[in-house]
Amino acid sequence: MEYRNAQRTYKVLDKINLSICEGEYISIVGKSGSGKTTLLNVMGGLLSPSSGKLYLNQHEIRTMKERNKFKREYVSFIFQFFNLLPTLNVEENICIQHYLSGKKYSMRKLNGLISYLGLEGCRNKLPGVLSGGEQQRVAVARSVFSESKFIFADEPTHSLDQESAERVMALLDKINRTYGRALVIVTHDLDVAQGADVRLKICNGNIVSASI
Ligand SMILES: Nc1ncnc2c1ncn2[C@@H]1O[C@H](COP(=O)(O)OP(=O)(O)OP(=O)(O)O)[C@@H](O)[C@H]1O
Ligand SMILES: [Mg+2]
């Protein structure tokens with residue numbers, strides 16, 4: 001994967017060959033700038049690789065007719081910098097995937113999730129007035145509530161205190177183990193990384209170690 005501007009090309013990822021199975025739990029660690037977010041964005045289909053291919057169930061994503069619908073159904077992100085929709089309130093942000101797909105949702109489940117993540121007081125607020133940690137918990141809730149088969153989580157606890165971070169990790173763990181939703185998590189927290197089934201380390205755009 002390369003980034004280009006008018007002057008030059010920056011190679012960020014090189015010769016990476018990875019597959020994720022349904023229900024798998026993968027952690028990715030590596031120094032700042034090593035390419036973790038880029039890798040997550042390529043794996044989740046947000047960035048098209050400058051060379052190489054991305055497949056979903058043996059179909060190349062780029063040439064799929066209904067790729068956007070597929071991506072919505074399969075993929076959700078907990079972005080490093082949250083990316084909440086600024087004109088929607090917290091509840092609307094969390095439910096966005098259901099609004100887009102037209103699928104019904106359970107108000108009981110929504111209330112349970114909001115309460116578990118300590119977001120009751122924020123429910124009707126816009127993202128712009130939330131603290132970083134509140135925004136991060138909304139981003140977690142949005143991804144969890146989407147019911148996507150794959151969750152790509154980019155440092156999902158970096159703005160949280162220890163207790164909230166543990167709650168978020170327990171939730172993601174449960175979603176993975178109980179509901180079989182695949183989880184790919186980028187983290188600087190080695191304890192979090194240890195919890196995964198497959199642990200990857202990325203250095204200068206290459207995967208330098210993989211332990212199962
Ligand atoms: N859109 C872009 N254009 C040019 N260079 C970019 C772009 N996005 C990222 N980069 C560069 O690619 C490299 C990898 O960035 P990336 O965000 O993937 O790192 P990271 O491992 O997630 O870092 P961090 O731990 O700080 O979040 C960095 O050197 C970054 O400056
Ligand atoms: Mg990053």
# chains A, B, ... in the order shown; residues from 1 in each chain; ligands from 1
call {"tool": "select_by_dssp", "arguments": {"residues": "range 16-141 of chain A", "states": "helix (DSSP H, G or I)", "output": "MDAnalysis selection string"}}
result
chainID A and resid 36:43 61:63 67:74 90:94 96:101 107:116 120:122 127:129 132:141
call {"tool": "closest_atom_pairs", "arguments": {"of": "chain A", "to": "ligand 1", "cutoff": "7 Å", "atoms": "only C-alpha atoms and all ligand atoms", "output": "JSON lines"}}
result
{"residue": "A:Tyr3", "atom": "CA", "partner": "ligand 1", "partner_atom_place_in_ligand_line": "4 (C)", "distance": 4.8}
{"residue": "A:Arg4", "atom": "CA", "partner": "ligand 1", "partner_atom_place_in_ligand_line": "4 (C)", "distance": 6.5}
{"residue": "A:Tyr10", "atom": "CA", "partner": "ligand 1", "partner_atom_place_in_ligand_line": "5 (N)", "distance": 6.5}
{"residue": "A:Val12", "atom": "CA", "partner": "ligand 1", "partner_atom_place_in_ligand_line": "12 (O)", "distance": 5.4}
{"residue": "A:Gly30", "atom": "CA", "partner": "ligand 1", "partner_atom_place_in_ligand_line": "21 (O)", "distance": 6.4}
{"residue": "A:Lys31", "atom": "CA", "partner": "ligand 1", "partner_atom_place_in_ligand_line": "25 (O)", "distance": 5.9}
{"residue": "A:Ser32", "atom": "CA", "partner": "ligand 1", "partner_atom_place_in_ligand_line": "25 (O)", "distance": 3.4}
{"residue": "A:Gly33", "atom": "CA", "partner": "ligand 1", "partner_atom_place_in_ligand_line": "19 (O)", "distance": 3.6}
{"residue": "A:Ser34", "atom": "CA", "partner": "ligand 1", "partner_atom_place_in_ligand_line": "21 (O)", "distance": 4.0}
{"residue": "A:Gly35", "atom": "CA", "partner": "ligand 1", "partner_atom_place_in_ligand_line": "18 (O)", "distance": 3.2}
{"residue": "A:Lys36", "atom": "CA", "partner": "ligand 1", "partner_atom_place_in_ligand_line": "21 (O)", "distance": 3.8}
{"residue": "A:Thr37", "atom": "CA", "partner": "ligand 1", "partner_atom_place_in_ligand_line": "22 (O)", "distance": 3.7}
{"residue": "A:Thr38", "atom": "CA", "partner": "ligand 1", "partner_atom_place_in_ligand_line": "18 (O)", "distance": 3.7}
{"residue": "A:Leu39", "atom": "CA", "partner": "ligand 1", "partner_atom_place_in_ligand_line": "18 (O)", "distance": 6.4}
call {"tool": "write_last_selection", "arguments": {"atoms": "all heavy atoms", "output": "compact mmCIF listing (two decimals), in the first residue's frame"}}
result
# COMPACT_ATOMS: atom_id res chain seq x y z
N TYR A 3 1.01 5.63 -0.31
CA TYR A 3 0.33 6.93 -0.37
C TYR A 3 1.14 7.79 -1.33
O TYR A 3 2.37 7.80 -1.28
CB TYR A 3 0.30 7.61 1.01
CG TYR A 3 -0.57 6.91 2.03
CD1 TYR A 3 -0.02 6.31 3.16
CD2 TYR A 3 -1.94 6.87 1.87
CE1 TYR A 3 -0.81 5.69 4.11
CE2 TYR A 3 -2.75 6.25 2.82
CZ TYR A 3 -2.19 5.65 3.93
OH TYR A 3 -2.98 5.05 4.86
N ARG A 4 0.43 8.53 -2.18
CA ARG A 4 1.14 9.37 -3.17
C ARG A 4 0.73 10.81 -3.02
O ARG A 4 -0.42 11.11 -2.75
CB ARG A 4 0.73 8.96 -4.59
CG ARG A 4 1.23 7.61 -4.98
CD ARG A 4 1.14 7.40 -6.49
NE ARG A 4 1.52 6.01 -6.77
CZ ARG A 4 0.63 5.06 -7.00
NH1 ARG A 4 -0.64 5.33 -7.05
NH2 ARG A 4 1.04 3.82 -7.20
N TYR A 10 4.93 7.24 -0.81
CA TYR A 10 5.34 6.66 0.47
C TYR A 10 4.82 5.24 0.53
O TYR A 10 3.61 5.02 0.50
CB TYR A 10 4.73 7.44 1.64
CG TYR A 10 5.05 8.91 1.64
CD1 TYR A 10 4.28 9.80 0.90
CD2 TYR A 10 6.11 9.40 2.40
CE1 TYR A 10 4.57 11.16 0.89
CE2 TYR A 10 6.39 10.76 2.41
CZ TYR A 10 5.62 11.62 1.65
OH TYR A 10 5.90 12.96 1.64
N VAL A 12 3.82 2.24 2.58
CA VAL A 12 3.46 2.05 3.99
C VAL A 12 3.30 0.57 4.33
O VAL A 12 3.72 0.13 5.39
CB VAL A 12 2.17 2.83 4.33
CG1 VAL A 12 1.75 2.60 5.77
CG2 VAL A 12 2.39 4.32 4.10
N GLY A 30 2.34 -2.50 17.18
CA GLY A 30 3.43 -1.92 16.39
C GLY A 30 3.58 -0.46 16.76
O GLY A 30 2.66 0.16 17.29
N LYS A 31 4.78 0.07 16.44
CA LYS A 31 5.08 1.45 16.81
C LYS A 31 4.16 2.43 16.09
O LYS A 31 3.63 2.11 15.02
CB LYS A 31 6.51 1.77 16.38
CG LYS A 31 7.55 1.30 17.34
CD LYS A 31 8.89 1.91 16.93
CE LYS A 31 10.00 1.30 17.74
NZ LYS A 31 11.27 1.39 17.06
N SER A 32 4.06 3.64 16.64
CA SER A 32 3.33 4.70 15.97
C SER A 32 3.94 4.92 14.58
O SER A 32 5.16 4.99 14.43
CB SER A 32 3.45 5.97 16.81
OG SER A 32 2.78 7.01 16.15
N GLY A 33 3.08 5.00 13.58
CA GLY A 33 3.54 5.24 12.21
C GLY A 33 3.94 3.98 11.46
O GLY A 33 4.36 4.04 10.31
N SER A 34 3.78 2.81 12.11
CA SER A 34 4.23 1.57 11.46
C SER A 34 3.23 1.06 10.42
O SER A 34 3.54 0.13 9.67
CB SER A 34 4.50 0.48 12.51
OG SER A 34 3.33 0.25 13.27
N GLY A 35 2.03 1.62 10.38
CA GLY A 35 1.07 1.23 9.34
C GLY A 35 -0.15 0.48 9.84
O GLY A 35 -0.90 -0.10 9.05
N LYS A 36 -0.41 0.51 11.15
CA LYS A 36 -1.51 -0.28 11.71
C LYS A 36 -2.88 0.20 11.21
O LYS A 36 -3.70 -0.59 10.78
CB LYS A 36 -1.49 -0.20 13.25
CG LYS A 36 -0.17 -0.66 13.86
CD LYS A 36 -0.20 -0.59 15.37
CE LYS A 36 -0.39 0.81 15.93
NZ LYS A 36 0.67 1.77 15.57
N THR A 37 -3.09 1.52 11.28
CA THR A 37 -4.38 2.06 10.83
C THR A 37 -4.56 1.82 9.34
O THR A 37 -5.64 1.44 8.87
CB THR A 37 -4.47 3.57 11.15
OG1 THR A 37 -4.46 3.71 12.57
CG2 THR A 37 -5.73 4.20 10.60
N THR A 38 -3.47 2.00 8.58
CA THR A 38 -3.54 1.76 7.14
C THR A 38 -3.94 0.31 6.87
O THR A 38 -4.82 0.04 6.05
CB THR A 38 -2.17 2.07 6.49
OG1 THR A 38 -1.81 3.41 6.83
CG2 THR A 38 -2.22 1.92 4.99
N LEU A 39 -3.31 -0.63 7.59
CA LEU A 39 -3.63 -2.04 7.39
C LEU A 39 -5.10 -2.32 7.71
O LEU A 39 -5.80 -3.00 6.97
CB LEU A 39 -2.72 -2.91 8.28
CG LEU A 39 -2.98 -4.41 8.23
CD1 LEU A 39 -2.82 -4.96 6.81
CD2 LEU A 39 -2.06 -5.17 9.17
call {"tool": "atom_distance", "arguments": {"atom1": "CA of Val144 in chain A", "atom2": "CA of Val129 in chain A"}}
result
22.3 Å
call {"tool": "closest_residue", "arguments": {"among": "A:Ala153, A:Ala170, A:Leu47, A:Ala182", "to": "ligand 2", "atoms": "only C-alpha atoms and all ligand atoms"}}
result
A:Ala153
call {"tool": "residues_around", "arguments": {"residues": "range 196-206 of chain A", "least_positions_apart": "5", "cutoff": "7 Å", "atoms": "only C-alpha atoms", "output": "PyMOL selection string"}}
result
chain A and resi 12-14+16+25-30+34-35+211-212
call {"tool": "closest_atom_pairs", "arguments": {"of": "range 85-140 of chain A", "to": "range 160-166 of chain A", "cutoff": "9 Å", "atoms": "only C-alpha atoms", "output": "tab-separated table"}}
result
residue	atom	partner	partner_atom	distance
A:Leu117	CA	A:Ser164	CA	7.6
A:Gly118	CA	A:Ser164	CA	8.7
A:Gly132	CA	A:Leu160	CA	8.2
A:Gly133	CA	A:Leu160	CA	5.2
A:Glu134	CA	A:Leu160	CA	8.4
A:Gln136	CA	A:Leu160	CA	7.8
A:Arg137	CA	A:Leu160	CA	8.4
call {"tool": "closest_residue", "arguments": {"among": "A:Asn176, A:Gln7, A:Ser106, A:Thr187", "to": "ligand 2", "atoms": "only C-alpha atoms and all ligand atoms"}}
result
A:Thr187
call {"tool": "residues_around", "arguments": {"residues": "range 93-103 of chain A", "least_positions_apart": "2", "cutoff": "7 Å", "atoms": "only C-alpha atoms", "output": "PDB file with C-alpha atoms, in the first residue's frame"}}
result
ATOM      1  CA  LEU A  84     -18.966  10.107  14.760  1.00  0.00           C
ATOM      2  CA  LEU A  85     -21.492  11.873  12.552  1.00  0.00           C
ATOM      3  CA  LEU A  88     -26.618  13.115  14.723  1.00  0.00           C
ATOM      4  CA  ASN A  89     -27.016  12.673  18.453  1.00  0.00           C
ATOM      5  CA  VAL A  90     -25.511   9.773  20.393  1.00  0.00           C
ATOM      6  CA  GLU A  91     -28.501   7.464  20.040  1.00  0.00           C
ATOM      7  CA  TYR A 105     -33.752  -3.014  16.238  1.00  0.00           C
ATOM      8  CA  VAL A 138     -20.215   5.836  21.403  1.00  0.00           C
ATOM      9  CA  ALA A 141     -21.463   1.090  20.820  1.00  0.00           C
ATOM     10  CA  ARG A 142     -22.081   1.964  17.158  1.00  0.00           C
ATOM     11  CA  PHE A 145     -24.872  -2.466  17.692  1.00  0.00           C
ATOM     12  CA  SER A 146     -24.338  -2.740  13.919  1.00  0.00           C
TER      13      SER A 146
END
call {"tool": "atom_distance", "arguments": {"atom1": "CA of Val168 in chain A", "atom2": "CA of Ser19 in chain A"}}
result
25.1 Å
call {"tool": "closest_residue", "arguments": {"among": "A:Tyr55, A:Tyr179, A:Phe79, A:Phe152", "to": "ligand 2", "atoms": "only C-alpha atoms and all ligand atoms"}}
result
A:Phe79
call {"tool": "closest_residue", "arguments": {"among": "A:Arg181, A:Ala210, A:Ser159, A:Asn41", "to": "Gln194 in chain A", "atoms": "only C-alpha atoms"}}
result
A:Ala210
